[in-house]
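> Before anything else, here's the structure in question.
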Amino acid sequence: MPPRVCRTPTARYTYTPERLADGQRRYEQTPESLASIAADFGVHETTITRLAREKKWVRYAAPPRDLSRAAKLAAEARALVLACEAAMQQPPGEPASGNRPDLASIDESAVRIHATVLEELAAVEAMRRQLNAAPQRPADAERTAHTLTHLTRTVHNLQRIQHRAQQTDSAHDDPSADIDEFRRELARRIAAFMESRPDGEPAGDAAASAADEA
């Protein structure tokens with residue numbers, strides 16, 4: 001008959017309310033790994049899993065990734081082009097039907113988008129100055145390239161809105177609405193940004209197409 005083995009009961013850790021509250025916050029509200037939380041508690045991560053089950057903690061779930069600000073601008077400008085085309089089909093003097101915006105509100109939206117494009121481009125340029133001569137990581141460089149593409153497409157659609165608006169009876173004398181000149185300036189700034197990249201930093205097809213389209 002084999003000898004009996006005496007097993008030591010598994011130790012049950014106790015924690016202060018403050019430690020439990022901190023663990024719950026990190027478990028439920030942050031993407032911190034279980035291994036990291038467990039290391040801070042001085043236990044194995046399976047203990048954190050058991051503790052969470054006992055305390056009915058709900059594990060943190062990352063929110064869905066949204067479109068970038070530049071991508072949203074491009075989509076908004078595209079929708080504005082469609083709204084402008086629909087508004088121009090309205091008979092003169094007839095108010096816009098349903099939720100369809102009129103040319104005046106479309107023009108206001110175009111000016112707002114125009115200003116936001118400037119802010120986005122300034123942010124890209126500031127990032128480049130901050131890096132100085134250091135190259136971007138490939139993922140960051142690709143993200144920058146896509147940002148420039150979205151901004152260029154946005155300005156292209158704003159230009160289309162301006163040209164359509166100028167075909168109406170209302171005059172557009174506001175110099176801030178001169179998208180043609182702004183589009184040329186955008187092309188110049190994109191070209192300057194591309195030239196400022198250190199050798200070996202990937203340009204990305206999107207950035208190259210952005211400069212060509214402008």
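As shown in the structure tokens, the chain order sets the letters A, B, ...; within each chain, residues go from 1, and ligands are also counted from 1 in the order they appear.
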Give me the residues within 10 Å of Ile113 (chain A) as a PyMOL selection string, counting only C-alpha atoms and dropping any in the same chain fewer than 4 places off.
chain A and resi 73-74+76-77+107-109+117-119+154-155+158
> Quick one: everything within 12 Å of Arg25 (chain A), counting only C-alpha atoms, minus sequence neighbours fewer than 6 positions away in the same chain. Send it as a list in words.
Glu18, Arg19, Pro31, Glu32, Ile37, Ala52, Trp57, Val58, Arg59 and Tyr60 of chain A
> Can you write just those residues out, C-alpha atoms, as a PDB file, in the first residue's frame?

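Writing the result to result.pdb gives the following:
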```pdb
ATOM      1  CA  GLU A  18      -8.080  49.638  -1.014  1.00  0.00           C
ATOM      2  CA  ARG A  19      -6.069  46.900  -2.734  1.00  0.00           C
ATOM      3  CA  PRO A  31      -6.189  47.124 -20.830  1.00  0.00           C
ATOM      4  CA  GLU A  32      -3.469  46.112 -18.324  1.00  0.00           C
ATOM      5  CA  ILE A  37      -1.941  42.926 -12.209  1.00  0.00           C
ATOM      6  CA  ALA A  52     -12.448  38.415 -10.372  1.00  0.00           C
ATOM      7  CA  TRP A  57     -15.602  41.850 -11.832  1.00  0.00           C
ATOM      8  CA  VAL A  58     -16.256  42.465 -15.520  1.00  0.00           C
ATOM      9  CA  ARG A  59     -13.126  42.394 -17.699  1.00  0.00           C
ATOM     10  CA  TYR A  60     -12.190  45.547 -19.607  1.00  0.00           C
TER      11      TYR A  60
END
```
> Can you pull out the residues contacting Tyr15 (chain A)? Cut-off 12 Å, using only C-alpha atoms, and skip same-chain residues under 2 positions away; I want them as an NGL selection string.
:A and (12-13 or 17-23 or 41-43 or 48 or 51)
> What gap, in Å, lies between CA of Ala62 (chain A) and CA of Thr30 (chain A)?
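Separating CA of Ala62 (chain A) from CA of Thr30 (chain A) is a distance of 8.4 Å.
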